[in-house]
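Trainee: Here it is: the structure, laid out below.
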Amino acid sequence: MRIPCPHCGERDVSEFRYGGDATKTRPKHGEGDLKAWHDYYFLFDNPKGPHTEYWQHVLGCRHWFKLSRNTATNEIGEAS
Amino acid sequence: MFKPYSALALAQHALSPERPWPRAWRAPEPKSSYDAIIIGGGGHGLATAYYLAKNHGMRNVAVLERAYIGSGNVGRNTTLIRSNYVIDGNTQFFEHSLKLWEGLSHELNFNCMVSHRGQIVLATSPVQLDTYARRGNIMRLNGIDAELLDRGQVMALLPYLDYSKDARWPIWGGILQGRAGSVRHDAVAWGYARAADTLGVDIIENCEVEGFIMDEGKAVGVETSRGRILGGKIGIAVAGHSSHVAKMAGLSLPIESHILQAFVTEPVKPMVHHVVSWGAELFYLSQSDKGGMVFGGHIDGFNTYTQRGQFPRIQTVAECAVSLLPFMSKLRLLRHWGGIMDMTPDGSPFICRTDIRNLYFNGGWCYQGFKATPASGWTFAHTIAHDEEHELNRCYALDRFEKGRELDDYGIGNWTYKQ
Ligand SMILES: Cc1cc2nc3c(=O)[nH]c(=O)nc-3n(C[C@H](O)[C@H](O)[C@H](O)COP(=O)(O)OP(=O)(O)OC[C@H]3O[C@@H](n4cnc5c(N)ncnc54)[C@H](O)[C@@H]3O)c2cc1C
Ligand SMILES: [Zn+2]
């Protein structure tokens, strides 16, 4: 699998680290009860199909970015 | 009770080849309703149906399998069984499983080729060996066999490791569980399927569950590719597809689906007589009865439902193999494949009731679901039949993260594979 880094261009997946679902919103610090934090941290939509996720170009520019990918096919979409 | 497979039957069939062996299980049309429906015909679903019938007298049961029996992880795993855990809950559960493995071929009248060849986990630093001493003490306090090995003892048992002065991973010793070993995985699926079928369970292949039928907040049936089927109780046991199926019932799970790859080399003469593993890279290797070296390591590291592995992982696992076992550099890879596993925050599974009445959940098996198969079916059947967890699976509830009851056997925190 090859991933398009918005800064460096398309590179091999081995240069990147996966950062999980990018569509969840983290409760504000000091806000939200335990349940809200539990759901944010532990529960995942984990869809079979389109997914928007974080990746970091660890062995490159080290930018974090969002990538859309289809988890049923690994087809890569937009990175931003 | 079962159609007997025996030496005599084998001889009779050899002498009269015109009479083929009968089907090992029927291929029934789905009935309109069952007392219990198990979704997923992997090892866990089949074992659950078998123990529902055998231990709890529930025989009006269906197992609904999307594809064919053995197509999932039960036929893709690397067949290792062991019970060398350190956390209460895991320790007792996996030891119960190992005990069930010990009598399984007789119980099912099906040769599962259970081989207690022993597993040796290598220590490549003195600190690692200290943690193994602790692990061994915990196991022995629970009545489980464990033996700490020094470098010389490992050399005697595994002469083919790299013991040279400048070995990349110096061998300090290891820990041996003699009762650990390997089992022929597809025989487990076929054996449970045949035994469950004989007790009256309908095993329905090519039947995909596509939705749940709810009535006043209770699960009362499923919509499938072969029509609507009602069920008094419904159990989910779909391994890597847990989130996908649970979502149809409106449940969100603490699970992500990841791919794990495995590898087998060309066959060679018998040489590796144990399961050899090394915790640091989750690397493990054993030699199959056909002679191939079967081995694997970590998951690829990002969520996916494709059973297609990435090249970088092949490279790391191969490097690990060659640096620990130099002979591996001379062998050619024959096959490699992947399976989708449901990974949980603490690496431990779920066998429990859910917030929806009559809907039960079994999943989150991470790397360890094969060895768990007998105990998983045994406890899940109890949970479904009694609408209550058994003492052995009380720790595997879905709300354990809210309650602060995580079962982090490696002691390294949540979602470690993402760190
Ligand atoms: C490469 C690899 C190596 C492994 N090695 C080991 C090991 O050495 N030791 C160990 O203990 N564990 C190991 N595991 C883990 C183990 O294989 C799994 O945890 C275990 O097999 C999962 O349970 P199962 O057998 O019920 O799964 P499966 O066999 O995957 O069964 C689930 C079934 O559900 C079906 N299904 C899915 N969705 C639907 C639907 N909507 N409707 C109907 N049916 C559906 C699937 O088709 C599948 O047949 C390994 C896994 C992999 C991938
Ligand atoms: Zn970059």
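Naming works like this for the structure tokens: A, B, ... for the chains as they're shown, residue 1 at the start of each chain, ligands 1 onward in shown order.
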DSSP on the backbone: what in chain A comes out alpha helix (DSSP H), as a list in words?
Mentor: Leu34, Lys35, Ala36, Trp37, His38, Asp39, Tyr40, Tyr41 and Phe42 of chain A
Trainee: Output N, CA, C and O atoms of each residue in that selection to a file, as a compact mmCIF listing (two decimals), in the first residue's frame.
Mentor:
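Output contents, as saved in selection30.txt:
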# COMPACT_ATOMS: atom_id res chain seq x y z
N LEU A 34 -17.52 10.71 32.71
CA LEU A 34 -16.69 9.53 32.44
C LEU A 34 -17.18 8.77 31.21
O LEU A 34 -16.40 8.29 30.41
N LYS A 35 -18.50 8.70 31.06
CA LYS A 35 -19.09 7.97 29.94
C LYS A 35 -18.65 8.60 28.61
O LYS A 35 -18.28 7.89 27.67
N ALA A 36 -18.67 9.92 28.54
CA ALA A 36 -18.27 10.60 27.30
C ALA A 36 -16.82 10.30 26.97
O ALA A 36 -16.46 10.03 25.81
N TRP A 37 -15.96 10.33 28.00
CA TRP A 37 -14.54 10.02 27.76
C TRP A 37 -14.35 8.55 27.40
O TRP A 37 -13.55 8.23 26.54
N HIS A 38 -15.09 7.68 28.08
CA HIS A 38 -15.01 6.24 27.78
C HIS A 38 -15.36 6.01 26.30
O HIS A 38 -14.63 5.35 25.57
N ASP A 39 -16.47 6.60 25.88
CA ASP A 39 -16.92 6.36 24.51
C ASP A 39 -15.92 6.93 23.51
O ASP A 39 -15.64 6.33 22.47
N TYR A 40 -15.36 8.10 23.84
CA TYR A 40 -14.38 8.70 22.94
C TYR A 40 -13.14 7.81 22.82
O TYR A 40 -12.62 7.56 21.74
N TYR A 41 -12.69 7.31 23.93
CA TYR A 41 -11.41 6.58 23.94
C TYR A 41 -11.55 5.11 23.52
O TYR A 41 -10.67 4.57 22.86
N PHE A 42 -12.65 4.49 23.92
CA PHE A 42 -12.72 3.03 23.73
C PHE A 42 -13.61 2.56 22.58
O PHE A 42 -13.39 1.48 22.05
Trainee: Identify, on the basis of only C-alpha atoms, every residue whose closest approach to Glu53 (chain A) does not exceed 6 Å; exclude the query and any residue fewer than 4 positions from it along the same chain; express the result as a ChimeraX atom specification.
Mentor: /A:20-22,66-67
Trainee: Dump all heavy atoms for the selected residues as a PDB file, in the first residue's frame?
Mentor:
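Once written, selection.pdb looks like this:
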ATOM      1  N   GLY A  20      -5.589   6.044  13.769  1.00  0.00           N
ATOM      2  CA  GLY A  20      -6.978   5.774  14.153  1.00  0.00           C
ATOM      3  C   GLY A  20      -8.002   6.703  13.517  1.00  0.00           C
ATOM      4  O   GLY A  20      -7.680   7.622  12.760  1.00  0.00           O
ATOM      5  N   ASP A  21      -9.259   6.434  13.853  1.00  0.00           N
ATOM      6  CA  ASP A  21     -10.434   7.132  13.342  1.00  0.00           C
ATOM      7  C   ASP A  21     -10.314   8.651  13.553  1.00  0.00           C
ATOM      8  O   ASP A  21     -10.128   9.109  14.673  1.00  0.00           O
ATOM      9  CB  ASP A  21     -11.656   6.593  14.094  1.00  0.00           C
ATOM     10  CG  ASP A  21     -12.965   7.058  13.492  1.00  0.00           C
ATOM     11  OD1 ASP A  21     -12.976   8.081  12.781  1.00  0.00           O
ATOM     12  OD2 ASP A  21     -13.987   6.387  13.752  1.00  0.00           O
ATOM     13  N   ALA A  22     -10.435   9.434  12.469  1.00  0.00           N
ATOM     14  CA  ALA A  22     -10.286  10.891  12.576  1.00  0.00           C
ATOM     15  C   ALA A  22     -11.626  11.611  12.634  1.00  0.00           C
ATOM     16  O   ALA A  22     -11.679  12.828  12.552  1.00  0.00           O
ATOM     17  CB  ALA A  22      -9.464  11.403  11.396  1.00  0.00           C
ATOM     18  N   LYS A  66      -4.975  13.748   7.580  1.00  0.00           N
ATOM     19  CA  LYS A  66      -6.150  12.874   7.456  1.00  0.00           C
ATOM     20  C   LYS A  66      -6.153  12.210   6.101  1.00  0.00           C
ATOM     21  O   LYS A  66      -5.812  12.857   5.102  1.00  0.00           O
ATOM     22  CB  LYS A  66      -7.436  13.694   7.586  1.00  0.00           C
ATOM     23  CG  LYS A  66      -7.755  14.146   8.981  1.00  0.00           C
ATOM     24  CD  LYS A  66      -9.121  14.805   8.983  1.00  0.00           C
ATOM     25  CE  LYS A  66      -9.374  15.469  10.325  1.00  0.00           C
ATOM     26  NZ  LYS A  66     -10.664  16.191  10.315  1.00  0.00           N
ATOM     27  N   LEU A  67      -6.555  10.948   6.076  1.00  0.00           N
ATOM     28  CA  LEU A  67      -6.585  10.200   4.828  1.00  0.00           C
ATOM     29  C   LEU A  67      -7.930   9.488   4.733  1.00  0.00           C
ATOM     30  O   LEU A  67      -8.429   8.962   5.730  1.00  0.00           O
ATOM     31  CB  LEU A  67      -5.469   9.149   4.849  1.00  0.00           C
ATOM     32  CG  LEU A  67      -5.368   8.220   3.630  1.00  0.00           C
ATOM     33  CD1 LEU A  67      -4.799   8.977   2.436  1.00  0.00           C
ATOM     34  CD2 LEU A  67      -4.478   7.019   3.951  1.00  0.00           C
TER      35      LEU A  67
END
Trainee: Should the cut-off be 6 Å, what would the residue list for chain A against chain B look like, counting only C-alpha atoms, as an NGL selection string?
Mentor: :A and (14 or 18 or 42-44 or 46 or 71-73)
Trainee: Check every protein, DNA and RNA residue against ligand 1, keep those with an atom at most 7 Å away (counting only C-alpha atoms and all ligand atoms), and present them as a ChimeraX atom specification.
Mentor: /B:39-45,64-81,207-210,237-241,245,259-262,337-341,365-373
Trainee: Please identify the residues whose atoms come within 8 Å of ligand 2, using only C-alpha atoms and all ligand atoms, and report them as a ChimeraX atom specification.
Mentor: /A:5-9,56-63
Trainee: Could you name the residues that touch region 48-51 of chain B at 9 Å or less, counting only C-alpha atoms, but leaving out those on the same chain fewer than 3 positions away, as a PDB file with N, CA, C and O atoms, in the first residue's frame?
Mentor:
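selection_22.pdb was written with the following content:
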ATOM      1  N   ALA B  36     -32.305 -21.145  19.648  1.00  0.00           N
ATOM      2  CA  ALA B  36     -31.116 -20.288  19.671  1.00  0.00           C
ATOM      3  C   ALA B  36     -30.486 -20.253  18.288  1.00  0.00           C
ATOM      4  O   ALA B  36     -30.455 -21.267  17.584  1.00  0.00           O
ATOM      5  N   ILE B  37     -30.011 -19.041  17.920  1.00  0.00           N
ATOM      6  CA  ILE B  37     -29.292 -18.861  16.657  1.00  0.00           C
ATOM      7  C   ILE B  37     -27.889 -18.396  16.999  1.00  0.00           C
ATOM      8  O   ILE B  37     -27.719 -17.466  17.782  1.00  0.00           O
ATOM      9  N   ILE B  38     -26.892 -19.050  16.415  1.00  0.00           N
ATOM     10  CA  ILE B  38     -25.511 -18.589  16.567  1.00  0.00           C
ATOM     11  C   ILE B  38     -25.068 -18.037  15.220  1.00  0.00           C
ATOM     12  O   ILE B  38     -25.115 -18.745  14.206  1.00  0.00           O
ATOM     13  N   GLY B  43     -14.757 -21.560  14.686  1.00  0.00           N
ATOM     14  CA  GLY B  43     -14.549 -22.456  15.812  1.00  0.00           C
ATOM     15  C   GLY B  43     -15.465 -22.113  16.982  1.00  0.00           C
ATOM     16  O   GLY B  43     -16.091 -22.991  17.588  1.00  0.00           O
ATOM     17  N   HIS B  44     -15.570 -20.819  17.283  1.00  0.00           N
ATOM     18  CA  HIS B  44     -16.319 -20.418  18.474  1.00  0.00           C
ATOM     19  C   HIS B  44     -17.818 -20.657  18.318  1.00  0.00           C
ATOM     20  O   HIS B  44     -18.477 -21.129  19.238  1.00  0.00           O
ATOM     21  N   GLY B  45     -18.357 -20.316  17.136  1.00  0.00           N
ATOM     22  CA  GLY B  45     -19.787 -20.512  16.907  1.00  0.00           C
ATOM     23  C   GLY B  45     -20.151 -21.989  16.958  1.00  0.00           C
ATOM     24  O   GLY B  45     -21.152 -22.389  17.573  1.00  0.00           O
ATOM     25  N   LYS B  54     -25.009 -30.246  24.062  1.00  0.00           N
ATOM     26  CA  LYS B  54     -24.448 -31.282  24.925  1.00  0.00           C
ATOM     27  C   LYS B  54     -24.631 -30.965  26.409  1.00  0.00           C
ATOM     28  O   LYS B  54     -25.058 -31.796  27.185  1.00  0.00           O
ATOM     29  N   ASN B  55     -24.292 -29.739  26.836  1.00  0.00           N
ATOM     30  CA  ASN B  55     -24.299 -29.418  28.268  1.00  0.00           C
ATOM     31  C   ASN B  55     -25.628 -28.853  28.745  1.00  0.00           C
ATOM     32  O   ASN B  55     -25.908 -28.887  29.937  1.00  0.00           O
ATOM     33  N   HIS B  56     -26.407 -28.257  27.829  1.00  0.00           N
ATOM     34  CA  HIS B  56     -27.591 -27.529  28.283  1.00  0.00           C
ATOM     35  C   HIS B  56     -28.877 -28.051  27.643  1.00  0.00           C
ATOM     36  O   HIS B  56     -29.935 -27.439  27.793  1.00  0.00           O
ATOM     37  N   GLY B  57     -28.768 -29.137  26.895  1.00  0.00           N
ATOM     38  CA  GLY B  57     -29.966 -29.763  26.335  1.00  0.00           C
ATOM     39  C   GLY B  57     -30.706 -28.915  25.310  1.00  0.00           C
ATOM     40  O   GLY B  57     -31.860 -29.193  24.996  1.00  0.00           O
ATOM     41  N   MET B  58     -30.076 -27.862  24.773  1.00  0.00           N
ATOM     42  CA  MET B  58     -30.759 -27.045  23.747  1.00  0.00           C
ATOM     43  C   MET B  58     -30.378 -27.599  22.376  1.00  0.00           C
ATOM     44  O   MET B  58     -29.254 -27.430  21.931  1.00  0.00           O
ATOM     45  N   ARG B  59     -31.321 -28.261  21.717  1.00  0.00           N
ATOM     46  CA  ARG B  59     -30.987 -28.912  20.447  1.00  0.00           C
ATOM     47  C   ARG B  59     -31.643 -28.255  19.245  1.00  0.00           C
ATOM     48  O   ARG B  59     -31.291 -28.562  18.106  1.00  0.00           O
ATOM     49  N   VAL B  61     -31.240 -25.610  17.575  1.00  0.00           N
ATOM     50  CA  VAL B  61     -30.244 -24.541  17.453  1.00  0.00           C
ATOM     51  C   VAL B  61     -29.756 -24.489  16.012  1.00  0.00           C
ATOM     52  O   VAL B  61     -29.608 -25.534  15.372  1.00  0.00           O
ATOM     53  N   ALA B  62     -29.509 -23.255  15.501  1.00  0.00           N
ATOM     54  CA  ALA B  62     -28.913 -23.120  14.163  1.00  0.00           C
ATOM     55  C   ALA B  62     -27.621 -22.333  14.251  1.00  0.00           C
ATOM     56  O   ALA B  62     -27.515 -21.378  15.034  1.00  0.00           O
ATOM     57  N   VAL B  63     -26.635 -22.739  13.451  1.00  0.00           N
ATOM     58  CA  VAL B  63     -25.426 -21.946  13.253  1.00  0.00           C
ATOM     59  C   VAL B  63     -25.513 -21.368  11.844  1.00  0.00           C
ATOM     60  O   VAL B  63     -25.643 -22.125  10.873  1.00  0.00           O
ATOM     61  N   TYR B 192     -16.252 -30.226  15.629  1.00  0.00           N
ATOM     62  CA  TYR B 192     -17.364 -29.597  16.347  1.00  0.00           C
ATOM     63  C   TYR B 192     -18.622 -29.571  15.474  1.00  0.00           C
ATOM     64  O   TYR B 192     -19.736 -29.773  15.956  1.00  0.00           O
ATOM     65  N   ALA B 193     -18.440 -29.300  14.159  1.00  0.00           N
ATOM     66  CA  ALA B 193     -19.603 -29.223  13.266  1.00  0.00           C
ATOM     67  C   ALA B 193     -20.314 -30.579  13.230  1.00  0.00           C
ATOM     68  O   ALA B 193     -21.529 -30.667  13.387  1.00  0.00           O
ATOM     69  N   ALA B 195     -20.119 -33.084  15.389  1.00  0.00           N
ATOM     70  CA  ALA B 195     -20.667 -33.476  16.689  1.00  0.00           C
ATOM     71  C   ALA B 195     -21.934 -32.678  17.005  1.00  0.00           C
ATOM     72  O   ALA B 195     -22.910 -33.227  17.537  1.00  0.00           O
ATOM     73  N   ALA B 196     -21.948 -31.384  16.666  1.00  0.00           N
ATOM     74  CA  ALA B 196     -23.134 -30.554  16.923  1.00  0.00           C
ATOM     75  C   ALA B 196     -24.297 -31.041  16.059  1.00  0.00           C
ATOM     76  O   ALA B 196     -25.432 -31.190  16.522  1.00  0.00           O
ATOM     77  N   ASP B 197     -23.996 -31.318  14.794  1.00  0.00           N
ATOM     78  CA  ASP B 197     -25.021 -31.799  13.852  1.00  0.00           C
ATOM     79  C   ASP B 197     -25.651 -33.091  14.354  1.00  0.00           C
ATOM     80  O   ASP B 197     -26.868 -33.276  14.316  1.00  0.00           O
ATOM     81  N   LEU B 199     -26.069 -33.975  17.301  1.00  0.00           N
ATOM     82  CA  LEU B 199     -26.971 -33.691  18.426  1.00  0.00           C
ATOM     83  C   LEU B 199     -28.198 -32.894  17.978  1.00  0.00           C
ATOM     84  O   LEU B 199     -28.991 -32.453  18.804  1.00  0.00           O
ATOM     85  N   VAL B 201     -28.191 -29.990  15.884  1.00  0.00           N
ATOM     86  CA  VAL B 201     -27.962 -28.590  15.482  1.00  0.00           C
ATOM     87  C   VAL B 201     -27.976 -28.480  13.959  1.00  0.00           C
ATOM     88  O   VAL B 201     -27.384 -29.307  13.270  1.00  0.00           O
ATOM     89  N   GLY B 235     -26.770 -15.411  19.485  1.00  0.00           N
ATOM     90  CA  GLY B 235     -25.381 -15.182  19.873  1.00  0.00           C
ATOM     91  C   GLY B 235     -24.561 -14.756  18.667  1.00  0.00           C
ATOM     92  O   GLY B 235     -24.677 -15.347  17.592  1.00  0.00           O
ATOM     93  N   ALA B 237     -20.893 -14.556  17.030  1.00  0.00           N
ATOM     94  CA  ALA B 237     -19.527 -15.096  17.146  1.00  0.00           C
ATOM     95  C   ALA B 237     -18.861 -15.017  15.775  1.00  0.00           C
ATOM     96  O   ALA B 237     -18.552 -16.030  15.157  1.00  0.00           O
ATOM     97  N   THR B 373     -10.865 -21.708  21.787  1.00  0.00           N
ATOM     98  CA  THR B 373     -12.096 -22.226  21.170  1.00  0.00           C
ATOM     99  C   THR B 373     -12.952 -23.105  22.097  1.00  0.00           C
ATOM    100  O   THR B 373     -14.138 -22.819  22.277  1.00  0.00           O
ATOM    101  N   PRO B 374     -12.402 -24.168  22.718  1.00  0.00           N
ATOM    102  CA  PRO B 374     -13.285 -25.016  23.535  1.00  0.00           C
ATOM    103  C   PRO B 374     -13.896 -24.261  24.719  1.00  0.00           C
ATOM    104  O   PRO B 374     -15.102 -24.342  24.943  1.00  0.00           O
ATOM    105  N   SER B 376     -14.269 -21.061  25.083  1.00  0.00           N
ATOM    106  CA  SER B 376     -15.130 -19.988  24.603  1.00  0.00           C
ATOM    107  C   SER B 376     -16.526 -20.531  24.316  1.00  0.00           C
ATOM    108  O   SER B 376     -17.536 -19.967  24.757  1.00  0.00           O
ATOM    109  N   GLY B 377     -16.596 -21.648  23.583  1.00  0.00           N
ATOM    110  CA  GLY B 377     -17.894 -22.255  23.294  1.00  0.00           C
ATOM    111  C   GLY B 377     -18.575 -22.725  24.571  1.00  0.00           C
ATOM    112  O   GLY B 377     -19.780 -22.546  24.761  1.00  0.00           O
ATOM    113  N   TRP B 378     -17.795 -23.294  25.461  1.00  0.00           N
ATOM    114  CA  TRP B 378     -18.310 -23.858  26.715  1.00  0.00           C
ATOM    115  C   TRP B 378     -18.939 -22.769  27.584  1.00  0.00           C
ATOM    116  O   TRP B 378     -20.047 -22.916  28.093  1.00  0.00           O
ATOM    117  N   THR B 379     -18.238 -21.626  27.737  1.00  0.00           N
ATOM    118  CA  THR B 379     -18.751 -20.550  28.594  1.00  0.00           C
ATOM    119  C   THR B 379     -19.827 -19.726  27.882  1.00  0.00           C
ATOM    120  O   THR B 379     -20.762 -19.246  28.521  1.00  0.00           O
ATOM    121  N   PHE B 380     -19.698 -19.570  26.556  1.00  0.00           N
ATOM    122  CA  PHE B 380     -20.711 -18.789  25.821  1.00  0.00           C
ATOM    123  C   PHE B 380     -22.035 -19.551  25.838  1.00  0.00           C
ATOM    124  O   PHE B 380     -23.103 -18.961  26.012  1.00  0.00           O
ATOM    125  N   ALA B 381     -21.961 -20.874  25.689  1.00  0.00           N
ATOM    126  CA  ALA B 381     -23.178 -21.689  25.758  1.00  0.00           C
ATOM    127  C   ALA B 381     -23.837 -21.527  27.131  1.00  0.00           C
ATOM    128  O   ALA B 381     -25.052 -21.357  27.239  1.00  0.00           O
ATOM    129  N   HIS B 382     -23.030 -21.531  28.176  1.00  0.00           N
ATOM    130  CA  HIS B 382     -23.570 -21.339  29.533  1.00  0.00           C
ATOM    131  C   HIS B 382     -24.264 -19.980  29.640  1.00  0.00           C
ATOM    132  O   HIS B 382     -25.365 -19.859  30.167  1.00  0.00           O
TER     133      HIS B 382
END
Trainee: Nearest to Glu78 (chain A) among A:Gly19, A:Pro27, A:Pro4, A:Gly32, with distances taken over only C-alpha atoms: which residue is it?
Mentor: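 Answer, going by the shortest atom-to-atom distance: A:Pro4.
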Trainee: What does the distance from CA of Lys233 (chain B) to CA of Ser97 (chain B) come to in Å, to one decimal?
Mentor: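 Result for CA of Lys233 (chain B) versus CA of Ser97 (chain B): 24.4 Å, one decimal.
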Trainee: Would you please work out which residue, of B:Ala375, B:Val294, B:Ala187, B:Leu285, is nearest to Leu98 (chain B) when using only C-alpha atoms?
Mentor: B:Ala375
